>>> print(open('structure00.cif').read())   # mmCIF, N, CA and C atoms
data_structure
loop_
_atom_site.label_atom_id
_atom_site.label_comp_id
_atom_site.auth_asym_id
_atom_site.auth_seq_id
_atom_site.Cartn_x
_atom_site.Cartn_y
_atom_site.Cartn_z
N MET A 1 83.00 108.84 57.21
CA MET A 1 84.12 108.94 58.10
C MET A 1 85.10 107.84 57.75
N ASN A 2 86.35 108.18 57.60
CA ASN A 2 87.39 107.22 57.28
C ASN A 2 88.02 106.73 58.58
N VAL A 3 87.89 105.44 58.85
CA VAL A 3 88.45 104.88 60.06
C VAL A 3 89.47 103.82 59.68
N ASP A 4 90.58 104.28 59.20
CA ASP A 4 91.70 103.38 58.91
C ASP A 4 92.65 103.43 60.09
N PHE A 5 92.82 102.29 60.73
CA PHE A 5 93.70 102.24 61.89
C PHE A 5 95.15 102.04 61.47
N SER A 6 96.04 102.59 62.25
CA SER A 6 97.47 102.39 62.04
C SER A 6 97.81 100.95 62.43
N PRO A 7 98.99 100.47 62.04
CA PRO A 7 99.40 99.12 62.46
C PRO A 7 99.40 98.97 63.99
N GLU A 8 99.80 100.01 64.70
CA GLU A 8 99.79 99.96 66.17
C GLU A 8 98.37 99.86 66.71
N GLU A 9 97.46 100.59 66.10
CA GLU A 9 96.07 100.55 66.53
C GLU A 9 95.44 99.20 66.22
N LEU A 10 95.79 98.62 65.08
CA LEU A 10 95.30 97.28 64.74
C LEU A 10 95.84 96.24 65.72
N ALA A 11 97.07 96.41 66.14
CA ALA A 11 97.65 95.50 67.14
C ALA A 11 96.92 95.65 68.47
N PHE A 12 96.60 96.88 68.83
CA PHE A 12 95.84 97.12 70.06
C PHE A 12 94.45 96.49 69.96
N GLN A 13 93.82 96.65 68.82
CA GLN A 13 92.50 96.06 68.61
C GLN A 13 92.56 94.54 68.79
N GLN A 14 93.59 93.93 68.26
CA GLN A 14 93.77 92.49 68.42
C GLN A 14 93.97 92.13 69.89
N GLU A 15 94.76 92.92 70.59
CA GLU A 15 94.98 92.68 72.02
C GLU A 15 93.67 92.76 72.80
N VAL A 16 92.86 93.76 72.49
CA VAL A 16 91.57 93.92 73.15
C VAL A 16 90.67 92.73 72.85
N GLN A 17 90.60 92.32 71.60
CA GLN A 17 89.76 91.18 71.23
C GLN A 17 90.20 89.91 71.97
N GLU A 18 91.48 89.69 72.04
CA GLU A 18 92.00 88.50 72.74
C GLU A 18 91.70 88.57 74.23
N PHE A 19 91.89 89.73 74.82
CA PHE A 19 91.60 89.91 76.23
C PHE A 19 90.12 89.62 76.52
N LEU A 20 89.25 90.20 75.73
CA LEU A 20 87.81 90.01 75.94
C LEU A 20 87.43 88.54 75.76
N LYS A 21 87.99 87.91 74.76
CA LYS A 21 87.68 86.49 74.51
C LYS A 21 88.13 85.63 75.68
N GLU A 22 89.26 85.95 76.24
CA GLU A 22 89.83 85.16 77.32
C GLU A 22 89.24 85.48 78.69
N LYS A 23 88.96 86.75 78.96
CA LYS A 23 88.63 87.18 80.33
C LYS A 23 87.16 87.51 80.60
N LEU A 24 86.39 87.82 79.56
CA LEU A 24 84.98 88.18 79.79
C LEU A 24 84.16 86.91 79.93
N PRO A 25 83.59 86.67 81.12
CA PRO A 25 82.77 85.47 81.31
C PRO A 25 81.54 85.47 80.41
N LYS A 26 81.25 84.32 79.83
CA LYS A 26 80.07 84.19 78.95
C LYS A 26 78.79 84.54 79.70
N SER A 27 78.75 84.19 80.98
CA SER A 27 77.54 84.46 81.77
C SER A 27 77.25 85.96 81.83
N ILE A 28 78.28 86.77 81.83
CA ILE A 28 78.09 88.23 81.85
C ILE A 28 77.74 88.73 80.46
N SER A 29 78.50 88.34 79.45
CA SER A 29 78.24 88.85 78.11
C SER A 29 76.87 88.43 77.59
N GLU A 30 76.43 87.22 77.92
CA GLU A 30 75.11 86.77 77.47
C GLU A 30 74.01 87.63 78.06
N ARG A 31 74.15 88.01 79.34
CA ARG A 31 73.16 88.89 79.96
C ARG A 31 73.08 90.23 79.22
N VAL A 32 74.24 90.81 78.98
CA VAL A 32 74.29 92.12 78.33
C VAL A 32 73.73 92.05 76.91
N LEU A 33 74.11 91.02 76.18
CA LEU A 33 73.69 90.91 74.78
C LEU A 33 72.19 90.71 74.61
N VAL A 34 71.51 90.15 75.62
CA VAL A 34 70.05 89.99 75.52
C VAL A 34 69.30 91.14 76.20
N GLY A 35 70.05 92.15 76.67
CA GLY A 35 69.42 93.34 77.21
C GLY A 35 69.17 93.32 78.71
N LEU A 36 69.73 92.33 79.41
CA LEU A 36 69.59 92.30 80.87
C LEU A 36 70.74 93.05 81.51
N SER A 37 70.44 93.66 82.63
CA SER A 37 71.48 94.37 83.36
C SER A 37 72.36 93.37 84.09
N PRO A 38 73.65 93.59 84.09
CA PRO A 38 74.53 92.72 84.88
C PRO A 38 74.18 92.81 86.36
N THR A 39 74.42 91.74 87.08
CA THR A 39 74.21 91.74 88.53
C THR A 39 75.35 92.51 89.20
N LYS A 40 75.17 92.81 90.48
CA LYS A 40 76.24 93.47 91.23
C LYS A 40 77.50 92.62 91.18
N GLU A 41 77.35 91.32 91.36
CA GLU A 41 78.51 90.42 91.31
C GLU A 41 79.18 90.46 89.95
N ASN A 42 78.38 90.55 88.88
CA ASN A 42 78.94 90.66 87.53
C ASN A 42 79.78 91.92 87.38
N PHE A 43 79.21 93.05 87.82
CA PHE A 43 79.94 94.31 87.74
C PHE A 43 81.25 94.25 88.51
N VAL A 44 81.17 93.77 89.74
CA VAL A 44 82.36 93.74 90.60
C VAL A 44 83.43 92.83 90.02
N SER A 45 83.05 91.62 89.61
CA SER A 45 84.06 90.69 89.09
C SER A 45 84.69 91.22 87.80
N TRP A 46 83.88 91.83 86.93
CA TRP A 46 84.41 92.37 85.68
C TRP A 46 85.34 93.55 85.94
N GLN A 47 84.93 94.44 86.85
CA GLN A 47 85.78 95.58 87.16
C GLN A 47 87.09 95.12 87.80
N LYS A 48 87.06 94.10 88.63
CA LYS A 48 88.29 93.58 89.22
C LYS A 48 89.20 93.00 88.13
N THR A 49 88.61 92.33 87.16
CA THR A 49 89.39 91.80 86.04
C THR A 49 90.03 92.93 85.25
N LEU A 50 89.26 93.97 84.97
CA LEU A 50 89.79 95.12 84.25
C LEU A 50 90.90 95.80 85.05
N ASN A 51 90.71 95.92 86.34
CA ASN A 51 91.72 96.55 87.18
C ASN A 51 93.01 95.75 87.18
N GLU A 52 92.91 94.45 87.24
CA GLU A 52 94.12 93.61 87.20
C GLU A 52 94.92 93.85 85.92
N LYS A 53 94.23 94.11 84.82
CA LYS A 53 94.87 94.38 83.54
C LYS A 53 95.34 95.84 83.44
N GLY A 54 94.82 96.69 84.32
CA GLY A 54 95.13 98.12 84.24
C GLY A 54 94.20 98.86 83.31
N TRP A 55 93.04 98.27 83.02
CA TRP A 55 92.11 98.83 82.06
C TRP A 55 90.77 99.27 82.68
N ALA A 56 90.69 99.42 83.97
CA ALA A 56 89.42 99.80 84.59
C ALA A 56 89.12 101.28 84.42
N ALA A 57 90.14 102.10 84.45
CA ALA A 57 89.94 103.56 84.45
C ALA A 57 90.43 104.16 83.14
N VAL A 58 89.66 103.97 82.11
CA VAL A 58 90.05 104.38 80.76
C VAL A 58 90.37 105.87 80.67
N ASN A 59 89.62 106.69 81.38
CA ASN A 59 89.78 108.15 81.25
C ASN A 59 90.56 108.80 82.38
N TRP A 60 91.03 108.04 83.33
CA TRP A 60 91.81 108.61 84.43
C TRP A 60 93.21 108.95 83.97
N PRO A 61 93.84 109.92 84.65
CA PRO A 61 95.27 110.16 84.37
C PRO A 61 96.10 108.93 84.76
N VAL A 62 97.15 108.69 84.04
CA VAL A 62 98.00 107.53 84.26
C VAL A 62 98.52 107.49 85.69
N GLU A 63 98.88 108.63 86.24
CA GLU A 63 99.46 108.64 87.58
C GLU A 63 98.51 108.14 88.66
N TYR A 64 97.22 108.05 88.35
CA TYR A 64 96.25 107.54 89.32
C TYR A 64 95.70 106.18 88.93
N GLY A 65 96.24 105.58 87.90
CA GLY A 65 95.79 104.25 87.48
C GLY A 65 95.09 104.21 86.15
N GLY A 66 95.07 105.33 85.43
CA GLY A 66 94.43 105.37 84.12
C GLY A 66 95.25 104.66 83.06
N THR A 67 94.65 104.45 81.92
CA THR A 67 95.29 103.69 80.83
C THR A 67 96.28 104.50 80.01
N GLY A 68 96.06 105.80 79.88
CA GLY A 68 96.89 106.60 79.00
C GLY A 68 96.58 106.38 77.53
N TRP A 69 95.42 105.81 77.26
CA TRP A 69 95.04 105.52 75.87
C TRP A 69 94.75 106.79 75.08
N THR A 70 94.97 106.70 73.80
CA THR A 70 94.61 107.77 72.87
C THR A 70 93.10 107.72 72.65
N PRO A 71 92.53 108.78 72.07
CA PRO A 71 91.10 108.72 71.74
C PRO A 71 90.76 107.54 70.81
N THR A 72 91.65 107.21 69.89
CA THR A 72 91.39 106.09 68.99
C THR A 72 91.40 104.76 69.75
N GLN A 73 92.29 104.61 70.69
CA GLN A 73 92.30 103.39 71.50
C GLN A 73 91.02 103.28 72.33
N LYS A 74 90.56 104.39 72.87
CA LYS A 74 89.31 104.38 73.62
C LYS A 74 88.14 103.99 72.72
N TYR A 75 88.16 104.48 71.50
CA TYR A 75 87.13 104.14 70.51
C TYR A 75 87.17 102.64 70.21
N ILE A 76 88.34 102.12 69.99
CA ILE A 76 88.50 100.68 69.72
C ILE A 76 87.99 99.88 70.91
N TRP A 77 88.39 100.27 72.11
CA TRP A 77 87.96 99.57 73.32
C TRP A 77 86.43 99.55 73.42
N ALA A 78 85.81 100.71 73.26
CA ALA A 78 84.35 100.79 73.39
C ALA A 78 83.65 99.94 72.33
N ASN A 79 84.14 99.99 71.11
CA ASN A 79 83.51 99.20 70.04
C ASN A 79 83.65 97.70 70.28
N GLU A 80 84.83 97.27 70.66
CA GLU A 80 85.06 95.85 70.89
C GLU A 80 84.24 95.34 72.08
N CYS A 81 84.14 96.17 73.12
CA CYS A 81 83.32 95.79 74.27
C CYS A 81 81.85 95.65 73.88
N ALA A 82 81.36 96.59 73.07
CA ALA A 82 79.96 96.55 72.64
C ALA A 82 79.68 95.31 71.80
N LYS A 83 80.61 94.93 70.95
CA LYS A 83 80.42 93.76 70.09
C LYS A 83 80.20 92.48 70.88
N VAL A 84 80.90 92.34 71.99
CA VAL A 84 80.86 91.08 72.73
C VAL A 84 80.01 91.14 73.99
N GLY A 85 79.41 92.28 74.28
CA GLY A 85 78.54 92.39 75.44
C GLY A 85 79.28 92.58 76.75
N ALA A 86 80.39 93.26 76.71
CA ALA A 86 81.10 93.58 77.96
C ALA A 86 80.38 94.73 78.63
N PRO A 87 80.08 94.61 79.92
CA PRO A 87 79.38 95.72 80.59
C PRO A 87 80.31 96.90 80.81
N ASP A 88 79.71 98.06 80.92
CA ASP A 88 80.48 99.24 81.28
C ASP A 88 80.86 99.11 82.75
N VAL A 89 81.79 99.90 83.18
CA VAL A 89 82.17 99.91 84.59
C VAL A 89 81.09 100.61 85.41
N ILE A 90 81.14 100.42 86.71
CA ILE A 90 80.20 101.05 87.61
C ILE A 90 80.48 102.56 87.57
N PRO A 91 79.52 103.37 87.15
CA PRO A 91 79.85 104.77 86.86
C PRO A 91 80.11 105.67 88.04
N PHE A 92 79.43 105.50 89.15
CA PHE A 92 79.55 106.50 90.22
C PHE A 92 80.97 106.63 90.74
N GLY A 93 81.61 105.53 91.06
CA GLY A 93 82.97 105.60 91.58
C GLY A 93 83.98 106.02 90.53
N LEU A 94 84.04 105.25 89.44
CA LEU A 94 85.07 105.48 88.43
C LEU A 94 84.86 106.73 87.58
N LYS A 95 83.63 107.06 87.30
CA LYS A 95 83.38 108.16 86.35
C LYS A 95 82.91 109.46 87.00
N MET A 96 82.43 109.39 88.24
CA MET A 96 81.90 110.60 88.87
C MET A 96 82.70 111.03 90.10
N VAL A 97 82.87 110.12 91.04
CA VAL A 97 83.55 110.48 92.29
C VAL A 97 85.06 110.60 92.09
N ALA A 98 85.66 109.59 91.50
CA ALA A 98 87.12 109.58 91.36
C ALA A 98 87.67 110.81 90.64
N PRO A 99 87.07 111.25 89.53
CA PRO A 99 87.61 112.45 88.88
C PRO A 99 87.62 113.68 89.79
N VAL A 100 86.63 113.79 90.66
CA VAL A 100 86.62 114.90 91.61
C VAL A 100 87.76 114.72 92.62
N ILE A 101 87.94 113.48 93.08
CA ILE A 101 89.00 113.23 94.06
C ILE A 101 90.38 113.47 93.45
N TYR A 102 90.65 112.90 92.27
CA TYR A 102 92.01 113.09 91.73
C TYR A 102 92.26 114.50 91.21
N THR A 103 91.21 115.27 90.97
CA THR A 103 91.39 116.65 90.52
C THR A 103 91.48 117.63 91.69
N PHE A 104 90.63 117.45 92.69
CA PHE A 104 90.53 118.44 93.76
C PHE A 104 90.91 117.90 95.14
N GLY A 105 91.04 116.59 95.29
CA GLY A 105 91.28 116.01 96.59
C GLY A 105 92.70 116.21 97.09
N LYS A 106 92.84 116.06 98.38
CA LYS A 106 94.16 116.09 99.00
C LYS A 106 94.84 114.75 98.74
N GLU A 107 96.17 114.73 98.84
CA GLU A 107 96.91 113.49 98.59
C GLU A 107 96.41 112.36 99.48
N GLU A 108 96.11 112.67 100.71
CA GLU A 108 95.59 111.67 101.64
C GLU A 108 94.29 111.05 101.11
N GLN A 109 93.42 111.87 100.56
CA GLN A 109 92.15 111.38 100.00
C GLN A 109 92.40 110.53 98.77
N LYS A 110 93.31 110.96 97.92
CA LYS A 110 93.64 110.19 96.72
C LYS A 110 94.16 108.81 97.10
N LYS A 111 95.07 108.76 98.06
CA LYS A 111 95.64 107.48 98.49
C LYS A 111 94.61 106.59 99.17
N ARG A 112 93.71 107.21 99.88
CA ARG A 112 92.69 106.43 100.60
C ARG A 112 91.62 105.88 99.68
N PHE A 113 91.11 106.69 98.76
CA PHE A 113 89.92 106.31 98.00
C PHE A 113 90.18 105.73 96.61
N LEU A 114 91.15 106.25 95.87
CA LEU A 114 91.30 105.85 94.48
C LEU A 114 91.62 104.36 94.30
N PRO A 115 92.52 103.77 95.07
CA PRO A 115 92.78 102.34 94.88
C PRO A 115 91.55 101.46 95.10
N ASP A 116 90.75 101.78 96.10
CA ASP A 116 89.54 100.98 96.35
C ASP A 116 88.47 101.19 95.29
N ILE A 117 88.41 102.37 94.72
CA ILE A 117 87.48 102.60 93.62
C ILE A 117 87.91 101.77 92.41
N LEU A 118 89.19 101.81 92.09
CA LEU A 118 89.71 101.01 90.97
C LEU A 118 89.43 99.52 91.14
N ALA A 119 89.65 99.03 92.33
CA ALA A 119 89.51 97.60 92.60
C ALA A 119 88.07 97.17 92.86
N SER A 120 87.14 98.11 92.83
CA SER A 120 85.74 97.82 93.10
C SER A 120 85.55 97.25 94.50
N ASN A 121 86.35 97.73 95.44
CA ASN A 121 86.20 97.32 96.83
C ASN A 121 85.16 98.15 97.56
N VAL A 122 84.86 99.32 97.01
CA VAL A 122 83.83 100.19 97.56
C VAL A 122 82.90 100.62 96.43
N TRP A 123 81.68 100.91 96.80
CA TRP A 123 80.70 101.44 95.84
C TRP A 123 80.28 102.82 96.31
N TRP A 124 80.11 103.69 95.37
CA TRP A 124 79.68 105.06 95.67
C TRP A 124 78.30 105.28 95.07
N CYS A 125 77.60 106.23 95.63
CA CYS A 125 76.31 106.61 95.07
C CYS A 125 76.10 108.11 95.29
N GLN A 126 75.07 108.61 94.67
CA GLN A 126 74.69 110.00 94.87
C GLN A 126 73.32 110.03 95.48
N GLY A 127 73.13 110.92 96.41
CA GLY A 127 71.82 111.09 97.00
C GLY A 127 71.25 112.45 96.62
N TYR A 128 69.99 112.48 96.34
CA TYR A 128 69.33 113.73 95.98
C TYR A 128 68.20 113.98 96.97
N SER A 129 68.01 115.22 97.30
CA SER A 129 66.90 115.54 98.20
C SER A 129 66.11 116.71 97.63
#
>>> encode(input="structure00.cif", output="structure tokens")
Amino acid sequence: MNVDFSPEELAFQQEVQEFLKEKLPKSISERVLVGLSPTKENFVSWQKTLNEKGWAAVNWPVEYGGTGWTPTQKYIWANECAKVGAPDVIPFGLKMVAPVIYTFGKEEQKKRFLPDILASNVWWCQGYS
């Protein structure tokens, strides 16, 4: 597979590397790199940091707070995060509940729930019976 990035993609990669170097706490990355799960506090603080940058919801539509990244930018982001031990975001809210809300929810529901999911102010879960 040929993975030659464009100059714009290389600039984005540099931006991601600088962001991770500056904003990812060593205490979190060290846990991830040795195979330990981040604590709840680690997840929340990291997601809040990502949200402040506008990078918490990689796959969301831009109008709801998503990044608007291309598939190549998402690839770069994932690779750079893996290299330095950045944890993934909390999946239930950002990856499972929010897509249902922004796709099928009423405007009132979108306004009520999506900002708090982005900011990691609420946690969602699934129950099975």
>>> residues_around(input="structure00.cif", residues="A:Trp124", least_positions_apart="6", cutoff="8 Å", atoms="all atoms listed in the file", output="list in words")
Ile90, Pro91, Phe92, Gly93, Leu94, Val97 and Ile117 of chain A
>>> resolve_selection(input="structure00.cif", expression="the PyMOL selection byres (((chain A and resi 99 and name CA) around 12) and name CA)", output="list of chain:residue names")
A:Ala57, A:Val58, A:Asn59, A:Trp60, A:Pro61, A:Tyr64, A:Gly65, A:Gly66, A:Pro91, A:Phe92, A:Gly93, A:Leu94, A:Lys95, A:Met96, A:Val97, A:Ala98, A:Val100, A:Ile101, A:Tyr102, A:Thr103, A:Phe104, A:Gly105, A:Lys110, A:Phe113, A:Leu114, A:Ile117, A:Leu118
>>> resolve_selection(input="structure00.cif", expression="the PyMOL selection byres (((chain A and resi 42 and name CA) around 10) and name CA)", output="list in words")
Pro25, Ser27, Ile28, Ser29, Arg31, Ser37, Pro38, Thr39, Lys40, Glu41, Phe43, Val44, Ser45, Trp46, Gln47, Lys48 and Pro87 of chain A
>>> atom_distance(input="structure00.cif", atom1="atom C of A:Leu36", atom2="atom CA of A:Trp77")
20.2 Å
>>> atom_distance(input="structure00.cif", atom1="atom N of A:Lys53", atom2="atom N of A:Gln73")
17.7 Å
>>> closest_residue(input="structure00.cif", among="A:Glu8, A:Cys81, A:Phe19, A:Gln14", to="A:Glu52", atoms="only C-alpha atoms")
A:Phe19
>>> closest_residue(input="structure00.cif", among="A:Ser129, A:Ser120, A:Asp4, A:Asn79", to="A:Asn51", atoms="all atoms listed in the file")
A:Ser120
>>> atom_distance(input="structure00.cif", atom1="atom C of A:Ala119", atom2="atom N of A:Val89")
11.9 Å
>>> closest_residue(input="structure00.cif", among="A:Val32, A:Pro71, A:Lys21, A:Phe5", to="A:Ala86", atoms="all atoms listed in the file")
A:Val32
